[in-house]
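So this one's my_file-v3.csv, CSV, C-alpha atoms and all ligand atoms:
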```
chain,number,residue,atom,x,y,z
A,26,MET,CA,6.0,28.8,-23.0
A,27,GLY,CA,5.8,30.1,-19.4
A,28,LEU,CA,6.6,28.1,-16.2
A,29,LEU,CA,2.9,27.5,-15.4
A,30,ASP,CA,1.6,26.8,-18.9
A,31,LYS,CA,2.0,23.0,-18.5
A,32,LEU,CA,-0.6,23.1,-15.7
A,33,ASN,CA,-3.2,24.5,-18.1
A,34,THR,CA,-3.8,21.1,-19.7
A,35,ILE,CA,-4.7,19.7,-16.3
A,36,ALA,CA,-7.2,22.5,-15.8
A,37,THR,CA,-8.8,21.7,-19.2
A,38,THR,CA,-9.0,18.0,-18.4
A,39,ARG,CA,-10.5,18.8,-15.0
A,40,GLU,CA,-13.1,21.0,-16.5
A,41,THR,CA,-14.1,18.6,-19.2
A,42,LEU,CA,-14.0,15.4,-17.2
A,43,LEU,CA,-15.1,16.2,-13.7
A,44,PRO,CA,-18.7,16.6,-12.6
A,45,PRO,CA,-19.6,20.0,-10.9
A,46,GLY,CA,-19.7,19.9,-7.1
A,47,VAL,CA,-17.5,17.0,-6.3
A,48,ASP,CA,-13.9,16.3,-7.3
A,49,PRO,CA,-13.2,12.6,-7.0
A,50,PHE,CA,-9.5,13.3,-6.6
A,51,ASN,CA,-10.0,15.9,-4.0
A,52,VAL,CA,-12.6,14.4,-1.8
A,53,VAL,CA,-13.1,16.0,1.6
A,54,ILE,CA,-14.1,13.8,4.5
A,55,GLU,CA,-16.3,16.3,6.3
A,56,GLU,CA,-16.8,14.1,9.3
A,57,ILE,CA,-15.3,10.8,10.1
A,58,HIS,CA,-17.6,8.6,12.2
A,59,SER,CA,-15.8,5.3,12.4
A,60,SER,CA,-13.3,3.3,10.4
A,61,THR,CA,-16.1,2.4,8.0
A,62,GLU,CA,-18.3,5.5,7.9
A,63,ALA,CA,-17.9,9.2,7.1
A,64,THR,CA,-19.8,12.2,5.8
A,65,ILE,CA,-18.8,13.3,2.3
A,66,ALA,CA,-20.6,16.1,0.4
A,67,GLY,CA,-23.1,16.4,3.2
A,68,GLN,CA,-24.1,12.7,3.0
A,69,ARG,CA,-23.3,9.8,5.3
A,70,VAL,CA,-21.4,7.1,3.3
A,71,ILE,CA,-19.9,3.7,3.9
A,72,LEU,CA,-16.2,3.9,3.3
A,73,ALA,CA,-15.4,1.1,0.8
A,74,GLY,CA,-12.2,2.6,-0.5
A,75,THR,CA,-9.6,3.0,2.2
A,76,ASN,CA,-6.5,1.0,3.2
A,77,ASN,CA,-7.7,0.5,6.8
A,78,TYR,CA,-7.7,-3.3,6.3
A,79,LEU,CA,-8.0,-4.2,10.0
A,80,GLY,CA,-10.1,-1.2,10.9
A,81,LEU,CA,-7.6,-0.1,13.6
A,82,THR,CA,-7.9,3.7,13.1
A,83,PHE,CA,-10.7,3.7,15.7
A,84,ASN,CA,-9.3,0.9,17.9
A,85,GLN,CA,-9.7,2.1,21.5
A,86,GLN,CA,-6.3,0.7,22.7
A,87,CYS,CA,-4.6,2.5,19.8
A,88,ILE,CA,-6.4,5.7,20.6
A,89,ASP,CA,-5.6,5.5,24.3
A,90,ALA,CA,-1.9,4.8,23.5
A,91,GLY,CA,-1.8,7.8,21.2
A,92,LYS,CA,-3.5,10.1,23.7
A,93,GLU,CA,-1.1,9.1,26.5
A,94,ALA,CA,1.9,9.8,24.3
A,95,LEU,CA,0.4,13.1,23.2
A,96,THR,CA,0.0,14.2,26.7
A,97,LYS,CA,3.3,13.0,28.0
A,98,GLU,CA,5.6,13.7,25.0
A,99,GLY,CA,3.9,16.5,23.1
A,100,THR,CA,2.6,17.0,19.6
A,101,GLY,CA,5.7,16.4,17.6
A,102,THR,CA,9.4,15.7,17.6
A,103,THR,CA,10.4,18.8,15.6
A,104,GLY,CA,13.4,17.1,14.3
A,105,SER,CA,14.7,14.4,12.0
A,106,ARG,CA,15.6,10.9,13.2
A,107,MET,CA,19.3,11.9,12.9
A,108,ALA,CA,19.0,14.9,15.1
A,109,ASN,CA,16.6,15.4,18.0
A,110,GLY,CA,13.7,13.4,16.4
A,111,THR,CA,14.6,9.9,17.8
A,112,PHE,CA,12.6,9.4,21.0
A,113,HIS,CA,12.5,6.2,23.1
A,114,GLY,CA,9.4,5.1,21.3
A,115,HIS,CA,11.0,5.2,17.9
A,116,CYS,CA,13.8,2.9,19.1
A,117,GLU,CA,11.3,0.6,20.9
A,118,LEU,CA,9.2,0.4,17.7
A,119,GLU,CA,12.3,-0.6,15.7
A,120,LYS,CA,13.0,-3.4,18.2
A,121,GLU,CA,9.4,-4.5,18.1
A,122,LEU,CA,9.3,-4.6,14.2
A,123,ALA,CA,12.5,-6.6,14.2
A,124,LEU,CA,11.0,-9.0,16.6
A,125,PHE,CA,7.7,-9.2,14.7
A,126,TYR,CA,9.6,-10.2,11.5
A,127,GLY,CA,12.3,-12.2,13.2
A,128,CYS,CA,14.9,-10.0,11.7
A,129,SER,CA,18.0,-8.5,13.2
A,130,ASN,CA,17.5,-4.9,11.9
A,131,ALA,CA,14.7,-2.4,11.5
A,132,ILE,CA,14.5,1.3,10.6
A,133,VAL,CA,11.5,3.5,11.0
A,134,PHE,CA,10.9,6.4,8.5
A,135,SER,CA,8.3,9.1,8.3
A,136,THR,CA,6.2,7.6,5.6
A,137,GLY,CA,6.2,4.5,3.4
A,138,PHE,CA,6.9,6.7,0.4
A,139,VAL,CA,10.1,8.1,1.8
A,140,THR,CA,11.1,4.6,3.1
A,141,ASN,CA,11.2,3.4,-0.5
A,142,LEU,CA,12.8,6.5,-1.8
A,143,GLY,CA,15.5,6.3,0.8
A,144,VAL,CA,16.2,2.6,1.2
A,145,ILE,CA,16.2,1.8,-2.5
A,146,SER,CA,18.2,4.8,-3.6
A,147,THR,CA,20.8,4.1,-0.9
A,148,LEU,CA,21.1,0.3,-1.5
A,149,ALA,CA,21.4,0.6,-5.3
A,150,GLY,CA,23.5,3.1,-7.1
A,151,PRO,CA,25.4,3.7,-10.4
A,152,GLY,CA,26.7,0.4,-11.7
A,153,ASP,CA,23.9,-1.6,-10.0
A,154,VAL,CA,20.7,-2.9,-11.6
A,155,ILE,CA,17.2,-2.8,-10.3
A,156,VAL,CA,14.7,-5.2,-11.8
A,157,LEU,CA,11.2,-4.2,-10.9
A,158,ASP,CA,7.7,-5.3,-11.6
A,159,ALA,CA,6.1,-2.9,-14.1
A,160,ASP,CA,3.1,-2.3,-11.8
A,161,SER,CA,5.3,-1.0,-9.0
A,162,HIS,CA,4.2,1.9,-6.8
A,163,ALA,CA,5.3,5.4,-7.8
A,164,SER,CA,7.6,5.6,-4.8
A,165,ILE,CA,9.6,2.6,-6.1
A,166,TYR,CA,9.8,4.1,-9.6
A,167,ASP,CA,11.0,7.5,-8.1
A,168,ALA,CA,13.5,5.7,-5.9
A,169,CYS,CA,14.9,3.8,-8.9
A,170,LYS,CA,15.3,7.0,-10.9
A,171,MET,CA,17.0,8.7,-7.9
A,172,SER,CA,19.4,5.8,-7.3
A,173,GLY,CA,21.2,6.1,-10.6
A,174,ALA,CA,21.1,2.3,-11.0
A,175,GLU,CA,20.1,0.8,-14.3
A,176,MET,CA,16.3,0.2,-14.1
A,177,ILE,CA,14.8,-2.8,-15.9
A,178,ARG,CA,11.1,-3.5,-15.8
A,179,PHE,CA,9.5,-6.9,-16.2
A,180,ARG,CA,5.9,-7.5,-17.2
A,181,HIS,CA,3.6,-7.5,-14.2
A,182,ASN,CA,3.8,-10.8,-12.4
A,183,ASN,CA,5.3,-12.4,-15.5
A,184,LEU,CA,7.9,-15.0,-14.4
A,185,VAL,CA,9.0,-15.8,-18.0
A,186,ASP,CA,9.8,-12.1,-18.6
A,187,LEU,CA,11.5,-11.8,-15.3
A,188,GLU,CA,13.8,-14.7,-16.0
A,189,LYS,CA,14.5,-13.5,-19.5
A,190,LYS,CA,15.6,-10.1,-18.0
A,191,LEU,CA,17.8,-11.8,-15.4
A,192,GLN,CA,19.4,-14.2,-17.9
A,193,ARG,CA,20.5,-11.2,-20.0
A,194,LEU,CA,22.4,-9.7,-17.0
A,195,GLY,CA,25.0,-12.4,-16.9
A,196,SER,CA,27.5,-11.8,-14.0
A,197,ARG,CA,25.8,-8.5,-13.1
A,198,THR,CA,23.1,-10.4,-11.2
A,199,ALA,CA,25.3,-10.1,-8.0
A,200,LYS,CA,24.7,-6.4,-8.2
A,201,THR,CA,21.0,-6.7,-9.0
A,202,LEU,CA,18.1,-6.0,-6.7
A,203,ILE,CA,14.7,-7.4,-7.7
A,204,ILE,CA,11.8,-5.3,-6.3
A,205,VAL,CA,8.2,-6.6,-6.1
A,206,GLU,CA,5.1,-5.9,-4.0
A,207,GLY,CA,3.2,-8.5,-1.9
A,208,ILE,CA,-0.3,-7.4,-2.9
A,209,TYR,CA,-0.5,-4.9,-5.6
A,210,SER,CA,-2.4,-1.8,-4.5
A,211,MET,CA,-4.7,-1.2,-7.5
A,212,LEU,CA,-5.7,-4.6,-8.8
A,213,GLY,CA,-5.3,-6.4,-5.5
A,214,ASP,CA,-3.4,-9.3,-7.0
A,215,CYS,CA,-0.5,-11.1,-5.3
A,216,ALA,CA,3.1,-11.5,-6.5
A,217,PRO,CA,4.1,-15.1,-7.3
A,218,LEU,CA,6.7,-14.8,-4.6
A,219,ALA,CA,7.7,-18.4,-4.1
A,220,GLU,CA,8.7,-18.5,-7.8
A,221,ILE,CA,10.3,-15.1,-7.7
A,222,ALA,CA,12.4,-16.2,-4.7
A,223,ALA,CA,13.4,-19.3,-6.6
A,224,LEU,CA,14.6,-17.1,-9.5
A,225,LYS,CA,16.5,-14.9,-7.0
A,226,ARG,CA,18.3,-18.0,-5.7
A,227,LYS,CA,19.0,-19.3,-9.2
A,228,TYR,CA,20.5,-16.1,-10.4
A,229,GLY,CA,22.1,-15.0,-7.2
A,230,THR,CA,20.4,-11.6,-7.0
A,231,TRP,CA,19.0,-9.6,-4.1
A,232,LEU,CA,15.3,-9.4,-3.3
A,233,MET,CA,13.1,-6.6,-1.8
A,234,VAL,CA,9.4,-7.0,-1.1
A,235,ASP,CA,7.1,-4.0,-0.5
A,236,GLU,CA,4.5,-5.4,1.9
A,237,ALA,CA,2.5,-2.2,2.1
A,238,HIS,CA,-0.8,-3.9,1.3
A,239,SER,CA,0.0,-7.4,2.6
A,240,MET,CA,1.3,-6.7,6.1
A,241,GLY,CA,-1.4,-7.6,8.5
A,242,VAL,CA,-3.4,-9.2,5.7
A,243,LEU,CA,-1.4,-12.2,4.6
A,244,GLY,CA,0.5,-14.9,6.5
A,245,ASP,CA,-0.3,-16.9,9.7
A,246,HIS,CA,1.1,-14.1,11.8
A,247,GLY,CA,0.3,-11.2,9.5
A,248,ARG,CA,3.8,-10.7,8.3
A,249,GLY,CA,2.7,-10.5,4.7
A,250,MET,CA,3.3,-12.3,1.4
A,251,ALA,CA,6.9,-13.5,2.2
A,252,GLU,CA,5.4,-15.3,5.2
A,253,ALA,CA,2.4,-16.6,3.2
A,254,ALA,CA,4.7,-17.9,0.5
A,255,ASP,CA,7.2,-19.3,3.1
A,256,VAL,CA,10.2,-17.5,1.6
A,257,GLU,CA,11.1,-15.1,4.3
A,258,LYS,CA,14.7,-16.3,4.4
A,259,ASP,CA,15.1,-15.4,0.7
A,260,VAL,CA,13.8,-11.9,1.1
A,261,ASP,CA,16.7,-9.5,1.8
A,262,PHE,CA,14.7,-6.4,2.6
A,263,ILE,CA,11.0,-5.9,3.5
A,264,VAL,CA,9.6,-2.4,3.3
A,265,GLY,CA,6.2,-1.4,4.6
A,266,THR,CA,4.0,1.4,5.8
A,267,PHE,CA,2.1,2.3,8.9
A,268,SER,CA,-0.6,3.9,6.8
A,269,LYS,CA,-2.6,0.7,6.0
A,270,SER,CA,-3.2,-2.2,8.3
A,271,LEU,CA,-1.5,-0.3,11.2
A,272,GLY,CA,-3.9,2.6,10.8
A,273,SER,CA,-1.4,5.4,11.2
A,274,ILE,CA,1.4,7.0,9.2
A,275,GLY,CA,5.0,6.2,8.8
A,276,GLY,CA,7.2,3.5,7.1
A,277,TYR,CA,9.8,0.9,7.9
A,278,CYS,CA,12.4,-1.4,6.5
A,279,VAL,CA,13.5,-4.7,8.1
A,280,SER,CA,16.3,-7.0,7.2
A,281,ASN,CA,18.8,-9.5,8.4
A,282,HIS,CA,21.6,-7.7,6.8
A,283,PRO,CA,23.3,-5.6,9.5
A,284,GLU,CA,24.3,-3.1,6.8
A,285,LEU,CA,20.7,-1.8,6.9
A,286,ASP,CA,21.6,0.1,10.0
A,287,LEU,CA,24.2,2.1,8.1
A,288,VAL,CA,21.4,3.5,5.9
A,289,ARG,CA,20.6,5.8,8.7
A,290,TYR,CA,23.8,7.7,8.2
A,291,ILE,CA,23.5,8.6,4.6
A,292,THR,CA,19.8,8.3,3.5
A,293,ARG,CA,18.5,11.8,2.7
A,294,SER,CA,14.8,10.9,3.3
A,295,TYR,CA,15.7,9.7,6.8
A,296,ILE,CA,18.0,12.6,7.6
A,297,PHE,CA,16.3,15.6,6.1
A,298,THR,CA,12.7,15.1,7.3
A,299,ALA,CA,11.0,15.2,10.7
A,300,SER,CA,10.4,11.9,12.4
A,301,PRO,CA,6.9,10.6,13.2
A,302,SER,CA,5.2,12.2,16.2
A,303,PRO,CA,5.2,10.4,19.6
A,304,ALA,CA,1.5,9.8,19.3
A,305,THR,CA,1.9,8.3,15.9
A,306,ILE,CA,4.6,5.9,17.1
A,307,ALA,CA,2.5,4.9,20.2
A,308,THR,CA,-0.5,4.0,18.0
A,309,VAL,CA,1.6,2.0,15.7
A,310,ARG,CA,3.2,0.1,18.6
A,311,GLU,CA,-0.2,-0.8,19.9
A,312,ALA,CA,-1.5,-1.7,16.5
A,313,LEU,CA,1.5,-4.1,16.0
A,314,ARG,CA,0.7,-5.8,19.3
A,315,ILE,CA,-2.9,-6.2,18.1
A,316,ILE,CA,-1.9,-7.7,14.8
A,317,HIS,CA,0.3,-10.1,16.7
A,318,SER,CA,-2.3,-11.0,19.4
A,319,GLN,CA,-5.6,-10.9,17.4
A,320,PRO,CA,-5.3,-13.2,14.3
A,321,GLN,CA,-9.1,-13.3,14.3
A,322,LEU,CA,-9.1,-9.8,12.8
A,323,ARG,CA,-7.4,-11.3,9.7
A,324,THR,CA,-9.9,-14.1,9.6
A,325,LYS,CA,-12.7,-11.5,9.7
A,326,LEU,CA,-11.0,-9.5,7.0
A,327,TRP,CA,-10.8,-12.5,4.7
A,328,GLU,CA,-14.5,-13.4,5.4
A,329,ASN,CA,-15.5,-9.9,4.5
A,330,ALA,CA,-13.2,-9.8,1.4
A,331,GLY,CA,-14.7,-13.0,0.2
A,332,LEU,CA,-18.3,-11.7,0.6
A,333,LEU,CA,-17.5,-8.6,-1.5
A,334,TYR,CA,-15.4,-10.3,-4.2
A,335,GLU,CA,-17.8,-13.2,-4.7
A,336,GLY,CA,-20.9,-10.9,-4.5
A,337,LEU,CA,-19.5,-8.5,-7.2
A,338,LYS,CA,-18.4,-11.4,-9.3
A,339,GLU,CA,-21.9,-12.9,-9.2
A,340,LEU,CA,-23.3,-9.6,-10.2
A,341,GLY,CA,-21.2,-9.9,-13.4
A,342,PHE,CA,-18.5,-7.2,-12.8
A,343,GLU,CA,-15.1,-7.6,-14.3
A,344,LEU,CA,-12.7,-7.9,-11.3
A,345,GLY,CA,-9.0,-8.2,-10.6
A,346,PRO,CA,-7.6,-11.7,-10.7
A,347,ASP,CA,-7.3,-12.6,-7.0
A,348,PRO,CA,-9.9,-12.4,-4.3
A,349,GLY,CA,-8.7,-10.2,-1.4
A,350,PRO,CA,-9.3,-7.0,0.5
A,351,ILE,CA,-8.7,-4.9,-2.6
A,352,VAL,CA,-11.4,-5.5,-5.2
A,353,ALA,CA,-10.9,-3.5,-8.4
A,354,ILE,CA,-13.7,-3.2,-10.9
A,355,ARG,CA,-12.8,-2.3,-14.5
A,356,ALA,CA,-14.7,0.4,-16.3
A,357,ALA,CA,-14.6,0.7,-20.1
A,358,THR,CA,-13.7,4.4,-20.2
A,359,LYS,CA,-12.8,7.2,-17.8
A,360,GLU,CA,-16.1,8.8,-18.3
A,361,LYS,CA,-18.0,5.6,-17.4
A,362,ALA,CA,-15.8,5.1,-14.3
A,363,LEU,CA,-16.5,8.6,-13.3
A,364,PHE,CA,-20.2,8.3,-13.8
A,365,ALA,CA,-20.3,5.1,-11.8
A,366,TRP,CA,-18.2,6.6,-9.0
A,367,LYS,CA,-20.6,9.5,-8.6
A,368,ALA,CA,-23.6,7.3,-8.8
A,369,LEU,CA,-22.2,5.1,-6.0
A,370,LEU,CA,-21.4,8.1,-3.8
A,371,ASP,CA,-24.9,9.5,-4.3
A,372,GLN,CA,-26.2,6.2,-3.0
A,373,GLY,CA,-23.9,6.3,0.1
A,374,VAL,CA,-20.9,4.2,-1.0
A,375,TYR,CA,-17.5,5.7,-1.3
A,376,VAL,CA,-14.9,3.8,-3.4
A,377,ASN,CA,-11.6,5.1,-5.0
A,378,LEU,CA,-11.7,6.2,-8.6
A,379,VAL,CA,-8.4,5.4,-10.2
A,380,PHE,CA,-7.1,6.5,-13.6
A,381,PRO,CA,-3.7,5.9,-15.3
A,382,PRO,CA,-0.9,6.4,-14.3
A,383,ALA,CA,-2.1,5.4,-10.8
A,384,ALA,CA,-4.0,2.5,-12.4
A,385,PRO,CA,-1.9,0.0,-14.4
A,386,ALA,CA,-2.2,-0.9,-18.1
A,387,GLY,CA,-4.2,2.1,-19.0
A,388,LEU,CA,-7.2,0.9,-17.0
A,389,SER,CA,-10.0,3.0,-15.4
A,390,LEU,CA,-10.9,1.4,-12.1
A,391,LEU,CA,-13.3,1.6,-9.2
A,392,ARG,CA,-11.1,0.4,-6.4
A,393,CYS,CA,-13.1,-1.0,-3.6
A,394,SER,CA,-11.5,-2.2,-0.4
A,395,ILE,CA,-12.9,-3.9,2.6
A,396,SER,CA,-11.8,-4.1,6.2
A,397,ALA,CA,-12.3,-6.4,9.2
A,398,ALA,CA,-14.4,-3.7,10.7
A,399,HIS,CA,-17.2,-3.7,8.0
A,400,SER,CA,-20.4,-5.4,9.1
A,401,VAL,CA,-22.1,-8.0,6.9
A,402,GLU,CA,-25.0,-5.4,6.7
A,403,GLN,CA,-22.6,-2.8,5.3
A,404,ILE,CA,-21.2,-5.2,2.7
A,405,ASN,CA,-24.7,-6.3,1.7
A,406,TYR,CA,-25.6,-2.6,1.3
A,407,ILE,CA,-22.6,-2.1,-0.9
A,408,LEU,CA,-23.6,-5.1,-3.0
A,409,LYS,CA,-27.2,-3.9,-3.3
A,410,ILE,CA,-26.1,-0.5,-4.6
A,411,PHE,CA,-23.8,-2.2,-7.2
A,412,SER,CA,-26.6,-4.5,-8.2
A,413,GLU,CA,-28.7,-1.4,-9.0
A,414,MET,CA,-26.1,-0.1,-11.4
A,415,PRO,CA,-26.6,-1.2,-15.0
A,416,LEU,CA,-23.6,-3.3,-16.2
A,417,GLU,CA,-23.4,-1.1,-19.3
A,418,THR,CA,-22.1,1.6,-17.0
A,419,PHE,CA,-18.9,-0.4,-16.9
A,420,SER,CA,-18.7,-2.1,-20.3
A,421,ASP,CA,-17.9,-0.9,-23.8
A,501,LIG,C1,3.0,-0.4,-2.5
A,501,LIG,C2,3.1,0.9,-1.8
A,501,LIG,N1,4.3,1.2,-1.3
A,501,LIG,C3,4.5,2.4,-0.6
A,501,LIG,C4,3.4,3.2,-0.4
A,501,LIG,C5,3.6,4.5,0.4
A,501,LIG,O1,3.1,4.4,1.7
A,501,LIG,P1,2.8,5.7,2.5
A,501,LIG,O2,1.3,6.0,2.4
A,501,LIG,O3,3.1,5.3,3.9
A,501,LIG,O4,3.6,6.8,2.1
A,501,LIG,C6,2.1,2.9,-0.8
A,501,LIG,C7,1.0,3.8,-0.6
A,501,LIG,O5,0.0,3.7,-1.2
A,501,LIG,C8,2.0,1.7,-1.6
A,501,LIG,O6,0.8,1.3,-2.1
```
So, in terms of structure tokens, how does the structure I just supplied come out?
Ligand SMILES: Cc1ncc(COP(=O)(O)O)c(C=O)c1O
Amino acid sequence: MGLLDKLNTIATTRETLLPPGVDPFNVVIEEIHSSTEATIAGQRVILAGTNNYLGLTFNQQCIDAGKEALTKEGTGTTGSRMANGTFHGHCELEKELALFYGCSNAIVFSTGFVTNLGVISTLAGPGDVIVLDADSHASIYDACKMSGAEMIRFRHNNLVDLEKKLQRLGSRTAKTLIIVEGIYSMLGDCAPLAEIAALKRKYGTWLMVDEAHSMGVLGDHGRGMAEAADVEKDVDFIVGTFSKSLGSIGGYCVSNHPELDLVRYITRSYIFTASPSPATIATVREALRIIHSQPQLRTKLWENAGLLYEGLKELGFELGPDPGPIVAIRAATKEKALFAWKALLDQGVYVNLVFPPAAPAGLSLLRCSISAAHSVEQINYILKIFSEMPLETFSD
């Protein structure tokens, strides 16, 4: 067996499964017109499968801030945070994130993925235990493996299973980190965080929440699930990304534990990668101000999310359990999901096609997502195209 032979099975799957002409896992956005419209495969489409929850990628203030930083500070930092890659803006953003969350400490990383990889694998090590939700993001799984800590999964959002796993740990709970997400990226359902925080208190563990999909979306001030569930004081570490509500790229961790600051000195994914560009940092700082000052964006997002979720439910589609900006539609088979995905695209609606392992529980999903920037007309158009799709396309 040669080095590259393992890739041949992927080539075979691709040939048998994918339609000619367009590869759903390699979609090229030929032109981007706004935060909700693009040209794909020569056709103008509505983007109903992004993570641009507040539509800030085309916000004029963010663009202006980015342009100014680009002109004044250049195209990149060409260095890691530890060396020459920490500019004034990176430090200011860390202060602003700490202020936003009411925490003493914040660290900015180059992406959300490397934030998880770095923070988790630094906080937990051999002899420690990580108890994580089974539907956790790939970056959390990879971090757990890297950490050398014992990794124990509990069934997705299942409090009984979580408690059972904690009980078995006995005195080791003091060295145990529970990791959950605020909103889960594929089914769009929320963690029962108030109850999880109660278990954290009862068993004396540590708690980390990945708010990648809930920051800017949940909570009166947009701080996420911990704010919405009123358990911010119980959460030891919040991790998040700039690539969703904040409309940019990068990641962060905030905490009231001053030890977080020490992570900078030993975390490989902080030390051995270039820092976000000045323009990136400037757009994020502006977006954070907007999230803070414009709660109406969140109100609009939830109005839009309700329209899509209720509309699709009325049409009879099988959806994820919680209404919200991520609306996942289950398809019976991979082939059916693929057929539906292509039919939607042909009618000018782009959604994400998600297969296992990206989709949980072996599901094949059409992951729709909505933003505050979608118009009611766009949502009605999306619903109209779904209404024209026979339900058999999705069912057994
Ligand atoms: C829950 C979760 N955590 C982390 C990440 C990684 O974020 P980034 O895109 O900034 O690398 C994602 C991205 O999809 C995510 O869904």
Around ligand LIG 501 (chain A), at most 8 Å away and counting all atoms listed in the file, which residues are there? Put them as a ChimeraX atom specification, please.
/A:135-141,161-165,206,208-210,235-238,264-269,274-276
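Candidate residues A:Ala307, A:Ile404, A:Cys169, A:Leu333 were compared for distance to Gln86 (chain A), and the nearest is A:Ala307, using all atoms listed in the file.
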Atomic separation - CA of Ile71 (chain A) relative to CA of Val374 (chain A), Å:
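We find that CA of Val374 (chain A) and CA of Ile71 (chain A) lie 5.0 Å from each other.
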Nearest to Pro382 (chain A) among A:Ala223, A:Ala362, A:Ala108, A:Met211, with distances taken over all atoms listed in the file: which residue is it?
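For Pro382 (chain A), the nearest of the candidates is A:Met211.
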My list of candidates is A:Trp327, A:Tyr166, A:Tyr78, A:Tyr375. Which is closest to Thr64 (chain A) when distances are computed with only C-alpha atoms?
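For Thr64 (chain A), the nearest of the given residues is A:Tyr375.
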Protein and nucleic acid residues near (-13.2, 3.7, -22.5) (cut-off 12 Å, all atoms listed in the file) as a list in words:
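Those within range, by chain then number, are Arg355, Ala356, Ala357, Thr358, Lys359, Glu360, Lys361, Ala362, Leu363, Phe380, Gly387, Leu388, Ser389, Leu390, Glu417, Thr418, Phe419, Ser420 and Asp421 of chain A.
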Once you have the residues from the selection above, write them out as a PDB file, in the coordinates of the input, restricted to C-alpha atoms.
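The result, written out as selection_7.pdb:
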```pdb
ATOM      1  CA  ARG A 355     -12.800  -2.300 -14.500  1.00  0.00           C
ATOM      2  CA  ALA A 356     -14.700   0.400 -16.300  1.00  0.00           C
ATOM      3  CA  ALA A 357     -14.600   0.700 -20.100  1.00  0.00           C
ATOM      4  CA  THR A 358     -13.700   4.400 -20.200  1.00  0.00           C
ATOM      5  CA  LYS A 359     -12.800   7.200 -17.800  1.00  0.00           C
ATOM      6  CA  GLU A 360     -16.100   8.800 -18.300  1.00  0.00           C
ATOM      7  CA  LYS A 361     -18.000   5.600 -17.400  1.00  0.00           C
ATOM      8  CA  ALA A 362     -15.800   5.100 -14.300  1.00  0.00           C
ATOM      9  CA  LEU A 363     -16.500   8.600 -13.300  1.00  0.00           C
ATOM     10  CA  PHE A 380      -7.100   6.500 -13.600  1.00  0.00           C
ATOM     11  CA  GLY A 387      -4.200   2.100 -19.000  1.00  0.00           C
ATOM     12  CA  LEU A 388      -7.200   0.900 -17.000  1.00  0.00           C
ATOM     13  CA  SER A 389     -10.000   3.000 -15.400  1.00  0.00           C
ATOM     14  CA  LEU A 390     -10.900   1.400 -12.100  1.00  0.00           C
ATOM     15  CA  GLU A 417     -23.400  -1.100 -19.300  1.00  0.00           C
ATOM     16  CA  THR A 418     -22.100   1.600 -17.000  1.00  0.00           C
ATOM     17  CA  PHE A 419     -18.900  -0.400 -16.900  1.00  0.00           C
ATOM     18  CA  SER A 420     -18.700  -2.100 -20.300  1.00  0.00           C
ATOM     19  CA  ASP A 421     -17.900  -0.900 -23.800  1.00  0.00           C
TER      20      ASP A 421
END
```
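Atom to atom, CA of Arg289 (chain A) and CA of Leu148 (chain A) stand 11.6 Å apart.
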